[in-house]
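Have a look at model_39.cif; it's mmCIF, C-alpha atoms:
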data_target
loop_
_atom_site.label_atom_id
_atom_site.label_comp_id
_atom_site.auth_asym_id
_atom_site.auth_seq_id
_atom_site.Cartn_x
_atom_site.Cartn_y
_atom_site.Cartn_z
CA HIS A 1 0.00 0.00 0.00
CA PRO A 2 1.35 3.50 -0.79
CA LEU A 3 0.97 4.62 2.84
CA THR A 4 2.99 1.62 4.04
CA GLN A 5 5.67 2.36 1.45
CA VAL A 6 5.95 6.01 2.51
CA ARG A 7 6.01 5.07 6.19
CA ARG A 8 8.86 2.61 5.58
CA GLU A 9 10.81 5.19 3.60
CA ILE A 10 10.46 7.84 6.32
CA VAL A 11 11.43 5.34 9.04
CA SER A 12 14.48 4.25 7.02
CA ILE A 13 15.73 7.84 6.73
CA PHE A 14 15.49 8.46 10.48
CA ARG A 15 16.98 5.08 11.40
CA LYS A 16 20.15 6.03 9.52
CA ILE A 17 20.68 9.00 11.85
CA GLY A 18 20.13 7.08 15.07
CA PHE A 19 16.36 7.19 15.66
CA THR A 20 14.55 4.06 16.84
CA VAL A 21 10.85 3.22 16.38
CA ALA A 22 8.49 3.37 19.38
CA GLU A 23 4.85 2.35 19.22
CA GLY A 24 1.87 2.63 21.57
CA SER A 25 -1.81 1.93 21.97
CA GLU A 26 -4.42 3.57 19.74
CA VAL A 27 -6.70 3.85 22.81
CA GLU A 28 -5.27 6.32 25.30
CA THR A 29 -6.22 8.27 28.43
CA GLU A 30 -6.61 12.03 28.64
CA TRP A 31 -3.46 12.28 30.75
CA TYR A 32 -1.16 10.72 28.14
CA CYS A 33 -2.84 12.42 25.19
CA PHE A 34 -3.41 15.89 26.66
CA ASP A 35 -2.45 16.63 30.28
CA ALA A 36 1.14 15.36 30.14
CA LEU A 37 1.60 17.36 26.92
CA ASN A 38 0.71 20.65 28.62
CA THR A 39 -2.65 20.89 26.85
CA PRO A 40 -5.06 23.14 28.82
CA ALA A 41 -8.36 21.70 30.03
CA ASP A 42 -10.28 24.13 27.80
CA HIS A 43 -8.22 23.47 24.65
CA PRO A 44 -10.48 22.91 21.59
CA ALA A 45 -8.76 19.60 20.78
CA ARG A 46 -10.23 18.09 23.96
CA ASP A 47 -13.78 18.92 22.99
CA GLN A 48 -16.05 16.11 21.83
CA GLN A 49 -16.32 17.87 18.50
CA ASP A 50 -12.67 16.95 17.84
CA THR A 51 -11.94 13.82 19.89
CA TYR A 52 -13.48 10.35 19.93
CA TYR A 53 -14.08 9.47 23.58
CA VAL A 54 -14.60 5.82 24.50
CA PRO A 55 -17.77 5.35 26.61
CA ARG A 56 -17.46 3.47 29.89
CA THR A 57 -20.38 1.51 31.35
CA ASP A 58 -18.75 0.42 34.62
CA TRP A 59 -18.09 3.80 36.29
CA ALA A 60 -19.96 2.74 39.46
CA HIS A 61 -17.27 0.12 40.23
CA ILE A 62 -14.30 2.43 39.63
CA PRO A 63 -12.84 4.69 42.37
CA THR A 64 -13.41 8.41 41.79
CA HIS A 65 -9.68 9.16 41.39
CA ALA A 66 -9.45 6.60 38.57
CA LYS A 67 -12.33 7.91 36.50
CA GLU A 68 -10.18 9.25 33.70
CA ARG A 69 -11.74 9.31 30.26
CA PHE A 70 -10.41 7.07 27.53
CA LEU A 71 -10.17 8.20 23.92
CA LEU A 72 -8.89 7.25 20.50
CA ARG A 73 -5.56 9.07 20.30
CA THR A 74 -5.59 12.29 18.29
CA HIS A 75 -1.82 12.16 17.73
CA THR A 76 1.10 9.86 18.45
CA SER A 77 2.61 12.33 20.94
CA SER A 78 1.29 10.05 23.69
CA VAL A 79 3.98 7.54 22.65
CA GLN A 80 6.62 10.17 23.45
CA ILE A 81 5.26 10.52 27.00
CA ARG A 82 5.15 6.75 27.54
CA THR A 83 8.72 6.40 26.26
CA MET A 84 10.07 9.19 28.46
CA LEU A 85 8.39 7.63 31.51
CA LYS A 86 10.13 4.31 30.80
CA GLU A 87 13.54 5.50 29.64
CA GLN A 88 16.11 8.11 30.60
CA PRO A 89 17.85 10.49 28.15
CA PRO A 90 19.48 10.62 25.75
CA LEU A 91 16.54 9.60 23.57
CA ARG A 92 16.01 9.54 19.83
CA ILE A 93 12.69 8.01 18.74
CA ILE A 94 10.08 8.21 16.02
CA SER A 95 6.52 7.06 16.61
CA PRO A 96 4.50 6.19 13.50
CA GLY A 97 0.89 5.11 13.88
CA ARG A 98 -2.80 5.61 13.29
CA CYS A 99 -4.73 8.53 14.80
CA PHE A 100 -8.37 9.57 14.97
CA ARG A 101 -10.17 12.94 14.90
CA ARG A 102 -13.76 13.92 14.31
CA ASP A 103 -13.07 15.43 10.90
CA THR A 104 -15.57 15.48 8.07
CA ALA A 105 -14.13 13.46 5.21
CA ASP A 106 -13.12 15.51 2.18
CA ALA A 107 -10.16 15.73 -0.22
CA THR A 108 -7.70 16.65 2.54
CA HIS A 109 -9.30 15.38 5.78
CA SER A 110 -10.17 11.99 7.23
CA ALA A 111 -11.42 10.80 10.62
CA ASN A 112 -8.77 8.09 10.46
CA PHE A 113 -5.25 9.00 9.37
CA HIS A 114 -1.60 8.13 9.96
CA GLN A 115 1.01 10.27 11.65
CA LEU A 116 4.71 10.07 12.41
CA GLU A 117 6.26 12.05 15.25
CA GLY A 118 9.84 12.39 16.38
CA LEU A 119 11.47 13.12 19.72
CA TYR A 120 15.10 13.97 20.52
CA VAL A 121 16.26 14.61 24.10
CA ASP A 122 19.86 15.21 25.15
CA GLU A 123 22.08 17.83 26.73
CA GLN A 124 22.42 21.20 24.98
CA VAL A 125 19.97 20.46 22.17
CA THR A 126 19.08 23.64 20.25
CA VAL A 127 16.88 24.85 17.40
CA ALA A 128 19.95 24.49 15.16
CA ASP A 129 19.87 20.72 15.81
CA LEU A 130 16.17 20.61 14.98
CA LYS A 131 16.71 22.51 11.75
CA ALA A 132 19.64 20.26 10.75
CA VAL A 133 17.67 17.03 11.31
CA LEU A 134 14.62 18.22 9.38
CA ASP A 135 16.73 19.70 6.59
CA HIS A 136 18.49 16.34 6.17
CA PHE A 137 15.18 14.47 6.24
CA ILE A 138 13.53 16.65 3.59
CA LYS A 139 16.52 16.41 1.24
CA GLU A 140 16.63 12.62 1.62
CA LEU A 141 12.89 12.30 1.04
CA LEU A 142 12.21 14.95 -1.60
CA GLY A 143 15.57 15.46 -3.30
CA SER A 144 18.73 17.50 -2.82
CA ASP A 145 17.10 20.65 -4.25
CA ALA A 146 14.42 20.68 -1.52
CA LYS A 147 14.50 23.58 0.96
CA ILE A 148 12.69 24.22 4.23
CA ARG A 149 11.80 27.27 6.27
CA PHE A 150 10.39 27.74 9.78
CA ARG A 151 7.38 29.94 10.59
CA PRO A 152 6.47 30.81 14.19
CA HIS A 153 3.44 28.91 15.46
CA PHE A 154 1.89 27.64 18.71
CA PHE A 155 1.71 24.10 20.08
CA PRO A 156 1.02 23.49 23.80
CA TYR A 157 3.91 21.04 24.22
CA THR A 158 6.70 22.97 22.48
CA GLU A 159 8.18 26.43 22.98
CA PRO A 160 9.22 27.94 20.66
CA SER A 161 7.03 26.21 18.07
CA PHE A 162 7.21 26.30 14.27
CA GLU A 163 5.35 25.30 11.16
CA VAL A 164 7.70 23.87 8.53
CA ASP A 165 7.28 24.76 4.84
CA PHE A 166 9.21 23.23 1.96
CA SER A 167 9.80 23.88 -1.71
CA SER A 168 11.19 21.46 -4.30
CA ALA A 169 11.62 22.50 -7.92
CA HIS A 170 11.46 18.97 -9.39
CA LEU A 171 8.02 18.21 -7.88
CA SER A 172 5.63 19.46 -10.54
CA LYS A 173 2.79 20.26 -8.14
CA VAL A 174 5.08 22.15 -5.76
CA GLY A 175 7.89 23.79 -7.70
CA SER A 176 9.16 27.02 -6.18
CA LYS A 177 6.06 27.46 -4.00
CA TRP A 178 6.31 27.10 -0.22
CA VAL A 179 4.05 24.28 1.03
CA GLU A 180 3.38 23.41 4.67
CA ILE A 181 4.55 19.90 5.54
CA MET A 182 4.85 19.50 9.35
CA GLY A 183 4.99 21.11 12.77
CA CYS A 184 7.86 21.13 15.27
CA GLY A 185 9.43 22.90 18.21
CA MET A 186 11.59 22.73 21.33
CA ILE A 187 10.01 20.69 24.14
CA ASP A 188 8.30 22.82 26.77
CA PRO A 189 9.84 22.40 30.28
CA GLU A 190 6.32 21.65 31.58
CA VAL A 191 6.35 18.43 29.54
CA PHE A 192 9.66 17.44 31.13
CA SER A 193 8.09 18.07 34.54
CA SER A 194 5.33 15.57 33.71
CA VAL A 195 7.90 12.81 33.13
CA ASP A 196 10.34 13.83 35.91
CA TYR A 197 13.12 14.97 33.59
CA ASP A 198 15.42 17.72 34.85
CA ALA A 199 14.70 20.63 32.50
CA GLU A 200 17.87 22.37 33.69
CA ARG A 201 19.97 19.51 32.35
CA TRP A 202 17.98 18.15 29.41
CA SER A 203 16.55 19.87 26.35
CA GLY A 204 15.06 18.50 23.18
CA PHE A 205 12.81 18.89 20.21
CA ALA A 206 9.76 17.18 18.74
CA PHE A 207 8.20 17.16 15.29
CA GLY A 208 5.17 15.61 13.66
CA MET A 209 3.88 15.01 10.14
CA GLY A 210 0.99 13.30 8.40
CA ILE A 211 1.97 10.24 6.37
CA GLU A 212 -0.96 10.74 4.00
CA ARG A 213 0.16 14.31 3.36
CA ILE A 214 3.68 13.14 2.53
CA ALA A 215 2.31 10.45 0.20
CA MET A 216 0.07 12.97 -1.56
CA ILE A 217 3.04 15.27 -2.15
CA LEU A 218 5.35 12.49 -3.35
CA HIS A 219 2.86 10.93 -5.75
CA GLY A 220 0.78 13.93 -6.80
CA VAL A 221 -2.43 12.49 -5.28
CA ASP A 222 -5.09 15.17 -4.89
CA ASP A 223 -7.67 13.34 -2.73
CA ILE A 224 -6.83 11.59 0.56
CA ARG A 225 -9.85 9.29 0.21
CA TYR A 226 -8.16 7.34 -2.58
CA PHE A 227 -5.87 5.76 0.02
CA TYR A 228 -8.81 4.12 1.82
CA GLN A 229 -11.01 2.90 -1.04
CA ASN A 230 -9.03 -0.29 -1.78
CA ALA A 231 -9.39 0.33 -5.51
CA LEU A 232 -6.88 -1.82 -7.40
CA ARG A 233 -6.79 0.63 -10.31
CA PHE A 234 -5.30 3.14 -7.88
CA LEU A 235 -3.13 0.85 -5.73
CA VAL A 236 -1.35 -1.01 -8.56
CA GLN A 237 0.25 2.25 -9.68
CA PHE A 238 2.55 2.06 -6.65
#

If you took the structure in this file and wrote it as structure tokens, what would it be?
Amino acid sequence: HPLTQVRREIVSIFRKIGFTVAEGSEVETEWYCFDALNTPADHPARDQQDTYYVPRTDWAHIPTHAKERFLLRTHTSSVQIRTMLKEQPPLRIISPGRCFRRDTADATHSANFHQLEGLYVDEQVTVADLKAVLDHFIKELLGSDAKIRFRPHFFPYTEPSFEVDFSSAHLSKVGSKWVEIMGCGMIDPEVFSSVDYDAERWSGFAFGMGIERIAMILHGVDDIRYFYQNALRFLVQF
């Protein structure tokens, strides 16, 4: 499947520079998916309009302190939290996997999609390291003529945060235009507090991208729904 091919290609690029693959459950709790990632209680992503919550029928038998809501993960950032709770720095991981959001299906949105996130934690990690890793990745994936730029943005779990745009002259549907491809940033010290890392000693960065979006760019696909229709006329092209 084209999504599997693209996932394997991305993973291969990051493995060559020392990243390992970490995976986690598609059903998560609010703490791993939101609270530990410094996401405020009133953040729109937590609303039922955006998140699939898993109903529980046995609340009466569960202690009050344990009544945390379960949900289908909205991103694979929860894998970063689980990994940091189990392991000590230095860390270099990528976490590919399926995610779920209450999006209306159209040419660029799906309620079910695939994401790949990265996490790097070590001493004296800077934005220059983040830029170097992503610059290498984009050139490996999209060709040596590909360029990236950072734009300031906001994510609850990184500070500073950036949107990443790229341009690549040999891709006919991109050319010299700047096209958004992922988000990234330096890990917020509040996230380190959630996993008992010493923010005075450790620093790091995280990034995330949609695998479908990468596949659409690479292959010139203009409708995300083609990936899920199991049409052989489409799939045999890859």

Protein and nucleic acid residues near (6.4, 20.5, 34.0) (cut-off 12 Å, all atoms listed in the file) as a PyMOL selection string: chain A and resi 35-39+156-158+187-200

Counting all atoms listed in the file, which residues in segment 96-185 of chain A sit no more than 6 Å from segment 208-227 of chain A? For each one, give the nearest pair of atoms and the distance in Å, sorted by chain then residue number, as a tab-separated table.
residue	atom	partner	partner_atom	distance
A:Ala107	CA	A:Asp223	CA	4.3
A:Thr108	CA	A:Ile224	CA	5.5
A:His114	CA	A:Ile211	CA	5.5
A:Gln115	CA	A:Gly210	CA	4.4
A:Leu116	CA	A:Met209	CA	5.5
A:Glu117	CA	A:Gly208	CA	4.0
A:Met182	CA	A:Met209	CA	4.7
A:Gly183	CA	A:Gly208	CA	5.6

Name the residues captured by the PyMOL selection byres ((chain A and resi 204) around 8) when it is applied to the shown file; answer as a list in words.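 That expression, the PyMOL selection byres ((chain A and resi 204) around 8), corresponds here to Leu119, Tyr120, Val121, Asp122, Glu123, Val125, Thr126, Met186, Ile187, Trp202, Ser203, Phe205 and Ala206 of chain A.
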
Given the file shown, determine the residues that the PyMOL selection byres ((chain A and resi 14) around 10) selects; report them as a PyMOL selection string. chain A and resi 9-13+15-21+92-94+118+133-134+136-137+140

Residues as selected, C-alpha atoms, written as a PDB file, keeping the file's coordinate frame, can you do that?
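Okay, this is what ended up in part_1.pdb:
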ATOM      1  CA  GLU A   9      10.810   5.190   3.600  1.00  0.00           C
ATOM      2  CA  ILE A  10      10.460   7.840   6.320  1.00  0.00           C
ATOM      3  CA  VAL A  11      11.430   5.340   9.040  1.00  0.00           C
ATOM      4  CA  SER A  12      14.480   4.250   7.020  1.00  0.00           C
ATOM      5  CA  ILE A  13      15.730   7.840   6.730  1.00  0.00           C
ATOM      6  CA  ARG A  15      16.980   5.080  11.400  1.00  0.00           C
ATOM      7  CA  LYS A  16      20.150   6.030   9.520  1.00  0.00           C
ATOM      8  CA  ILE A  17      20.680   9.000  11.850  1.00  0.00           C
ATOM      9  CA  GLY A  18      20.130   7.080  15.070  1.00  0.00           C
ATOM     10  CA  PHE A  19      16.360   7.190  15.660  1.00  0.00           C
ATOM     11  CA  THR A  20      14.550   4.060  16.840  1.00  0.00           C
ATOM     12  CA  VAL A  21      10.850   3.220  16.380  1.00  0.00           C
ATOM     13  CA  ARG A  92      16.010   9.540  19.830  1.00  0.00           C
ATOM     14  CA  ILE A  93      12.690   8.010  18.740  1.00  0.00           C
ATOM     15  CA  ILE A  94      10.080   8.210  16.020  1.00  0.00           C
ATOM     16  CA  GLY A 118       9.840  12.390  16.380  1.00  0.00           C
ATOM     17  CA  VAL A 133      17.670  17.030  11.310  1.00  0.00           C
ATOM     18  CA  LEU A 134      14.620  18.220   9.380  1.00  0.00           C
ATOM     19  CA  HIS A 136      18.490  16.340   6.170  1.00  0.00           C
ATOM     20  CA  PHE A 137      15.180  14.470   6.240  1.00  0.00           C
ATOM     21  CA  GLU A 140      16.630  12.620   1.620  1.00  0.00           C
TER      22      GLU A 140
END

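Coordinates place atom CA of Cys33 of chain A at a distance of 10.3 Å from atom CA of Ala45 of chain A.
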
Run through the PyMOL selection byres ((chain A and resi 55) around 9) on the given coordinates and return the selected residues as number ranges by chain. A: 53-54, 56-57, 69-71

Written file, previous selection with C-alpha atoms, as a JSON list (two decimals), keeping the file's coordinate frame:
[["chain", "number", "residue", "atom", "x", "y", "z"],
["A", 53, "TYR", "CA", -14.08, 9.47, 23.58],
["A", 54, "VAL", "CA", -14.60, 5.82, 24.50],
["A", 56, "ARG", "CA", -17.46, 3.47, 29.89],
["A", 57, "THR", "CA", -20.38, 1.51, 31.35],
["A", 69, "ARG", "CA", -11.74, 9.31, 30.26],
["A", 70, "PHE", "CA", -10.41, 7.07, 27.53],
["A", 71, "LEU", "CA", -10.17, 8.20, 23.92]]

Can you pull out every residue within 8 Å of Arg102 of chain A, counting only C-alpha atoms, but drop anything in the same chain fewer than 3 positions away, and send it as a list in words?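 Counting only the stated atoms, we get Gln49, Asp50, Thr51, Tyr52 and Ala111 of chain A.
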
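Comparing A:Ser161, A:Thr76, A:Thr4, A:Thr83 by their smallest distance to Ser25 of chain A, the closest is A:Thr76 (using only C-alpha atoms).
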
Between A:Ala128, A:Ile181, A:Ala146, A:Leu235, which residue has the minimum interatomic distance to Ser167 of chain A, considering all atoms listed in the file? A:Ala146

Each side padded by 8 Å, which centre and which edge lengths in Å (one decimal) define the axis-aligned box around the listed atoms of segment 180-190 of chain A? Give them as AutoDock Vina command-line options.
--center_x 7.5 --center_y 21.5 --center_z 18.1 --size_x 24.2 --size_y 19.9 --size_z 42.9

What does the distance between atom CA of Phe100 of chain A and atom CA of His1 of chain A come to in Å, to one decimal place?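 Rounded to one decimal, the two atoms are 19.6 Å apart.
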
Rounded to one decimal in Å, what is the spacing between atom CA of Phe34 of chain A and atom CA of Ile81 of chain A?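 Straight-line distance from atom CA of Phe34 of chain A to atom CA of Ile81 of chain A works out to 10.2 Å.
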
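Remark: for Arg101 of chain A, the closest of the candidate residues A:Glu180, A:Asp47, A:Glu87, A:Asp129 is A:Asp47 (distances computed over all atoms listed in the file).
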
Nearby residues (only C-alpha atoms) at most 6 Å from Phe162 of chain A, same-chain spacing under 4 positions excluded, as a ChimeraX atom specification: /A:150-153,183-185

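The nearest approach to Arg82 of chain A among the residues A:Pro160, A:Pro44, A:Pro96, A:Gly24, with only C-alpha atoms taken into account, belongs to A:Gly24.
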